[in-house]
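What follows is a short report on a single structure.
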Amino acid sequence: MKKNDTSRALQTRIVHSQDEITPGFESFAAPVTRASTVVFPDLATVRALDWRDDSQWRYGLHATPTSAMLTQRLAQIEGGDYALLQPSGLSAISNVYFGLVKAGDDVLIPDNVYSPNREHGDWLARDFGITVRYYDPLIGAGIADLILPATKLIWLEAPGSVTMEVPDVRAITTAARARNVVTAIDNTYSAGLAFKPFEHGIDISVQALTKYQSGGSDVLMGATITKDHALHLKLKQARMRLGIGVSSDDCSLVLRALPSMKARFEAHEKSAFALASWLKTRGEIAAMLHPAFEDCPGHASFVRDFTGAGGLFSVVFDERYTPAQIDSFCEALELFALGWSWGGSHSLVMPYHVTSMRTAANWPHRGTLVRFYVGLEDEADLRADIEQALATLA
């Protein structure tokens, strides 16, 4: 349709409006391209479409320029070559399962895994004929003894997002590669900043972009990142079959937050380390579970492989305090909200009963575990808040 063509009705001209505004415009913000239908110049282009070609635009569900920009930047941060977006971190985990395993296959999952991943594994075992086994996250090279001919996937989480054990990733991936088993890691804790999974033999990195990447506690999104093209295509095909897509508007929010992610991550880490160091001296605390501390399980692997810790850590309270008392402590906090997730500006706290979350590895502590996420509030104010809540235990 020609510009300013008045031969057609006004309604038709509105529907087929011409873009005369954007040429020459440039800003720092990522442009938001919303689309379901993608329009093609001719049928030859349509018939030449190949879902395996990431450079082709096929349908808005699969990719838009906005989502493609985000996947490119995420791959760069992680050190990968390919990235796919999913509507949540759990959706990214599901994408890995449905892309790689089938009935009769065997999957190994660490005992400290993110609880919804455990629940997903149990569901696959119950309803889909997949064998799922849990292993001690500190097993290291001993994982080789658990690998069976049917084993197709080994999950890792570094560190465990509640109990904070840091696995020997290199030892596990070395054993897996010797048997041609794919490894996938939930790398959300490090946001791809403090741990580079592909340098340690990992095949797939999963991120919950809901956390540090979005930074605002207001976006749900996940990603799978790889370096192997064949593996990328398996995940891409599963994603396509499952009808998984993300909003370009949400992509733009994550793109807006990425430039500040490293600075925010370091600010969270600084305050969290200061609070953890202080809490470790308190008589109410029986154990400090922060990977940067020597007595945290897997600390040697953390020192070797990680460059930072972010804002997440856990403590175990002395067993003299009942779970009800610990609940009251958490509820007495004023600046730490009760809620899951992390990565935003606001501090969070949540108690856990770890023994009910374990099936393979012994949990050595008898007191109640409480996980802290340290936000961007002033550290002195957060310390004072914890101190007044601890006073309620007396």
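Residues in the structure tokens are numbered from 1 in each chain, the chains being A, B, ... in the order shown, and ligands are numbered from 1 in the order shown.
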Who sits within 10 Å of Tyr59 in chain A, only C-alpha atoms, same chain under 5 positions skipped, as a PDB file with C-alpha atoms, in the first residue's frame:
```pdb
ATOM      1  CA  ALA A  35       4.546 -10.367  17.165  1.00  0.00           C
ATOM      2  CA  SER A  36       2.552 -13.529  16.820  1.00  0.00           C
ATOM      3  CA  THR A  37       2.337 -13.539  13.028  1.00  0.00           C
ATOM      4  CA  VAL A  38       5.554 -12.947  11.116  1.00  0.00           C
ATOM      5  CA  VAL A  39       4.961 -11.615   7.604  1.00  0.00           C
ATOM      6  CA  THR A  64      11.388 -11.951  17.890  1.00  0.00           C
TER       7      THR A  64
END
```
key: Asp250 in chain A surroundings by only C-alpha atoms, 12 Å radius, close-in-sequence under 3 positions cut, as number ranges by chain   = A: 30-34, 66-67, 70, 85-88, 209-210, 213-214, 216, 218-222, 245-247, 253-257
request  = Going by DSSP on the backbone, which bits of range 50-262 of chain A are helix (DSSP H, G or I)? Write them as a VMD selection string, please.
outcome  = chain A and resid 65 to 78 89 to 100 115 to 127 140 to 146 169 to 178 188 to 190 197 to 200 229 to 242 248 to 262
Would you mind exporting C-alpha atoms of the selected residues as a PDB file, in the first residue's frame?
```pdb
ATOM      1  CA  PRO A  65      14.238  -9.442  17.467  1.00  0.00           C
ATOM      2  CA  THR A  66      13.802  -8.519  21.144  1.00  0.00           C
ATOM      3  CA  SER A  67      14.060 -12.093  22.424  1.00  0.00           C
ATOM      4  CA  ALA A  68      16.936 -12.820  20.040  1.00  0.00           C
ATOM      5  CA  MET A  69      18.846  -9.843  21.443  1.00  0.00           C
ATOM      6  CA  LEU A  70      18.355 -11.212  24.963  1.00  0.00           C
ATOM      7  CA  THR A  71      19.465 -14.747  24.076  1.00  0.00           C
ATOM      8  CA  GLN A  72      22.598 -13.379  22.429  1.00  0.00           C
ATOM      9  CA  ARG A  73      23.564 -11.387  25.522  1.00  0.00           C
ATOM     10  CA  LEU A  74      22.819 -14.248  27.903  1.00  0.00           C
ATOM     11  CA  ALA A  75      25.019 -16.609  25.902  1.00  0.00           C
ATOM     12  CA  GLN A  76      27.829 -14.054  26.028  1.00  0.00           C
ATOM     13  CA  ILE A  77      27.552 -13.691  29.819  1.00  0.00           C
ATOM     14  CA  GLU A  78      27.548 -17.440  30.361  1.00  0.00           C
ATOM     15  CA  GLY A  89      13.343 -21.212  35.580  1.00  0.00           C
ATOM     16  CA  LEU A  90      11.257 -24.333  36.171  1.00  0.00           C
ATOM     17  CA  SER A  91      10.124 -24.255  32.546  1.00  0.00           C
ATOM     18  CA  ALA A  92      13.791 -24.225  31.536  1.00  0.00           C
ATOM     19  CA  ILE A  93      14.352 -27.319  33.688  1.00  0.00           C
ATOM     20  CA  SER A  94      11.343 -28.975  32.036  1.00  0.00           C
ATOM     21  CA  ASN A  95      12.729 -28.093  28.611  1.00  0.00           C
ATOM     22  CA  VAL A  96      15.906 -30.029  29.449  1.00  0.00           C
ATOM     23  CA  TYR A  97      13.987 -33.099  30.598  1.00  0.00           C
ATOM     24  CA  PHE A  98      11.629 -33.256  27.630  1.00  0.00           C
ATOM     25  CA  GLY A  99      14.408 -32.505  25.178  1.00  0.00           C
ATOM     26  CA  LEU A 100      16.787 -35.223  26.348  1.00  0.00           C
ATOM     27  CA  SER A 115      12.715 -28.649  45.201  1.00  0.00           C
ATOM     28  CA  PRO A 116      10.580 -28.195  42.043  1.00  0.00           C
ATOM     29  CA  ASN A 117      13.312 -30.000  40.071  1.00  0.00           C
ATOM     30  CA  ARG A 118      13.040 -32.913  42.522  1.00  0.00           C
ATOM     31  CA  GLU A 119       9.264 -32.883  42.156  1.00  0.00           C
ATOM     32  CA  HIS A 120       9.648 -32.841  38.370  1.00  0.00           C
ATOM     33  CA  GLY A 121      11.962 -35.842  38.539  1.00  0.00           C
ATOM     34  CA  ASP A 122       9.536 -37.737  40.772  1.00  0.00           C
ATOM     35  CA  TRP A 123       6.714 -36.973  38.317  1.00  0.00           C
ATOM     36  CA  LEU A 124       8.723 -38.293  35.373  1.00  0.00           C
ATOM     37  CA  ALA A 125       9.548 -41.447  37.324  1.00  0.00           C
ATOM     38  CA  ARG A 126       5.939 -42.011  38.343  1.00  0.00           C
ATOM     39  CA  ASP A 127       4.145 -41.257  35.063  1.00  0.00           C
ATOM     40  CA  GLY A 140      32.644 -35.887  43.168  1.00  0.00           C
ATOM     41  CA  ALA A 141      34.386 -38.534  41.042  1.00  0.00           C
ATOM     42  CA  GLY A 142      32.350 -41.195  42.823  1.00  0.00           C
ATOM     43  CA  ILE A 143      29.501 -40.358  40.444  1.00  0.00           C
ATOM     44  CA  ALA A 144      31.180 -42.743  38.006  1.00  0.00           C
ATOM     45  CA  ASP A 145      29.979 -45.682  40.112  1.00  0.00           C
ATOM     46  CA  LEU A 146      26.360 -44.546  39.688  1.00  0.00           C
ATOM     47  CA  VAL A 169      31.800 -29.945  39.076  1.00  0.00           C
ATOM     48  CA  ARG A 170      34.963 -30.917  37.207  1.00  0.00           C
ATOM     49  CA  ALA A 171      35.049 -34.386  38.741  1.00  0.00           C
ATOM     50  CA  ILE A 172      31.397 -35.041  37.889  1.00  0.00           C
ATOM     51  CA  THR A 173      31.599 -33.759  34.309  1.00  0.00           C
ATOM     52  CA  THR A 174      34.811 -35.708  33.671  1.00  0.00           C
ATOM     53  CA  ALA A 175      33.083 -38.926  34.715  1.00  0.00           C
ATOM     54  CA  ALA A 176      30.001 -38.058  32.662  1.00  0.00           C
ATOM     55  CA  ARG A 177      31.934 -37.263  29.491  1.00  0.00           C
ATOM     56  CA  ALA A 178      33.840 -40.532  29.754  1.00  0.00           C
ATOM     57  CA  THR A 188      21.130 -19.517  38.919  1.00  0.00           C
ATOM     58  CA  TYR A 189      23.126 -18.862  42.107  1.00  0.00           C
ATOM     59  CA  SER A 190      26.004 -17.289  40.161  1.00  0.00           C
ATOM     60  CA  PRO A 197      30.026 -23.725  33.554  1.00  0.00           C
ATOM     61  CA  PHE A 198      31.411 -24.499  30.110  1.00  0.00           C
ATOM     62  CA  GLU A 199      34.946 -24.022  31.378  1.00  0.00           C
ATOM     63  CA  HIS A 200      34.281 -26.941  33.734  1.00  0.00           C
ATOM     64  CA  HIS A 229      24.759 -27.042  18.346  1.00  0.00           C
ATOM     65  CA  ALA A 230      23.267 -30.544  18.204  1.00  0.00           C
ATOM     66  CA  LEU A 231      22.283 -30.278  21.861  1.00  0.00           C
ATOM     67  CA  HIS A 232      20.849 -26.827  21.238  1.00  0.00           C
ATOM     68  CA  LEU A 233      18.661 -28.252  18.467  1.00  0.00           C
ATOM     69  CA  LYS A 234      17.309 -31.001  20.739  1.00  0.00           C
ATOM     70  CA  LEU A 235      16.295 -28.386  23.287  1.00  0.00           C
ATOM     71  CA  LYS A 236      14.935 -26.091  20.592  1.00  0.00           C
ATOM     72  CA  GLN A 237      12.763 -28.819  19.105  1.00  0.00           C
ATOM     73  CA  ALA A 238      11.348 -29.749  22.520  1.00  0.00           C
ATOM     74  CA  ARG A 239      10.672 -26.086  23.236  1.00  0.00           C
ATOM     75  CA  MET A 240       8.842 -25.767  19.934  1.00  0.00           C
ATOM     76  CA  ARG A 241       6.763 -28.920  20.518  1.00  0.00           C
ATOM     77  CA  LEU A 242       5.817 -27.754  24.022  1.00  0.00           C
ATOM     78  CA  SER A 248       8.915  -9.394  24.230  1.00  0.00           C
ATOM     79  CA  ASP A 249       7.893  -6.909  26.912  1.00  0.00           C
ATOM     80  CA  ASP A 250       9.375  -9.151  29.599  1.00  0.00           C
ATOM     81  CA  CYS A 251      12.496  -9.602  27.487  1.00  0.00           C
ATOM     82  CA  SER A 252      12.893  -5.840  27.355  1.00  0.00           C
ATOM     83  CA  LEU A 253      12.695  -5.640  31.157  1.00  0.00           C
ATOM     84  CA  VAL A 254      15.512  -8.182  31.511  1.00  0.00           C
ATOM     85  CA  LEU A 255      17.545  -6.415  28.825  1.00  0.00           C
ATOM     86  CA  ARG A 256      17.115  -3.164  30.738  1.00  0.00           C
ATOM     87  CA  ALA A 257      18.446  -4.759  33.930  1.00  0.00           C
ATOM     88  CA  LEU A 258      21.447  -6.634  32.496  1.00  0.00           C
ATOM     89  CA  PRO A 259      23.871  -3.661  32.369  1.00  0.00           C
ATOM     90  CA  SER A 260      23.576  -3.192  36.145  1.00  0.00           C
ATOM     91  CA  MET A 261      23.591  -6.897  37.051  1.00  0.00           C
ATOM     92  CA  LYS A 262      27.284  -7.208  37.887  1.00  0.00           C
TER      93      LYS A 262
END
```
request  = Would you kindly return, as a ChimeraX atom specification, each protein, DNA or RNA residue with an atom no farther than 12 Å from any atom of Ala380 in chain A, considering only C-alpha atoms and excluding same-chain residues fewer than 3 positions away?
outcome  = /A:271-272,274-275,278,335,374,376-377,383-387
For Leu153 in chain A: contacts at 12 Å, only C-alpha atoms, fewer than 3 positions along chain excluded, given as a ChimeraX atom specification = /A:96-102,105-110,121,130-133,146-150,156,172-173,176-177,179-185,202-204
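Closest approach to Thr368 in chain A among A:Gly310, A:Gly215, A:Pro323, A:Gly339: A:Pro323, based on only C-alpha atoms.
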List as a JSON list (two decimals) with C-alpha atoms, in the first residue's frame the protein and nucleic acid residues near Glu331 in chain A, meaning an atom at most 10 Å away when only C-alpha atoms are counted, but skip any in the same chain fewer than 4 places from it.
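Dumped to out-v6.json:
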```
[["chain", "number", "residue", "atom", "x", "y", "z"],
["A", 325, "GLN", "CA", 10.56, -20.36, 67.79],
["A", 326, "ILE", "CA", 12.39, -20.09, 64.48],
["A", 327, "ASP", "CA", 9.11, -19.32, 62.74],
["A", 336, "PHE", "CA", 13.41, -9.36, 55.53],
["A", 337, "ALA", "CA", 10.16, -10.35, 53.84],
["A", 338, "LEU", "CA", 8.85, -13.91, 53.90],
["A", 349, "VAL", "CA", 14.04, -14.99, 54.62],
["A", 350, "MET", "CA", 12.57, -18.51, 54.74],
["A", 389, "ALA", "CA", 14.47, -10.59, 65.87]]
```
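As for CA of Ile285 in chain A and CA of Glu165 in chain A, they are spaced 17.9 Å apart.
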message = Using Å and a single decimal, report how far CA of Ser328 in chain A sits from CA of Met357 in chain A.
response = 21.9 Å
note = Computed gap from CA of Gly60 in chain A to CA of Asp186 in chain A is 27.1 Å
message = With only C-alpha atoms as the counted atoms, please give the residues lying no more than 10 Å from Phe273 in chain A, apart from itself and same-chain residues fewer than 3 positions off, as a ChimeraX atom specification.
response = /A:268-270,276-279,290,292-293,309-313,374
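Nearest-residue note for Ser314 in chain A: choosing from A:Gly375, A:Pro351, A:Gly201, A:Pro167, the minimum distance belongs to A:Pro351, counting only C-alpha atoms.
When DSSP is run on the backbone, the residues of range 13-126 of chain A that fall into strand (DSSP E or B) are Tyr82, Ala83, Leu84, Leu85, Gln86, Asp106, Val107, Leu108, Ile109 and Pro110 of chain A.
Taking only C-alpha atoms into account, Tyr134 in chain A lies nearest to A:Arg358 out of the set A:Arg358, A:Arg366, A:His62, A:Arg320.
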Minimum-distance residue to Thr226 in chain A, chosen among A:Pro41, A:Pro159, A:Gly308, A:Gly79 (using only C-alpha atoms) = A:Gly79
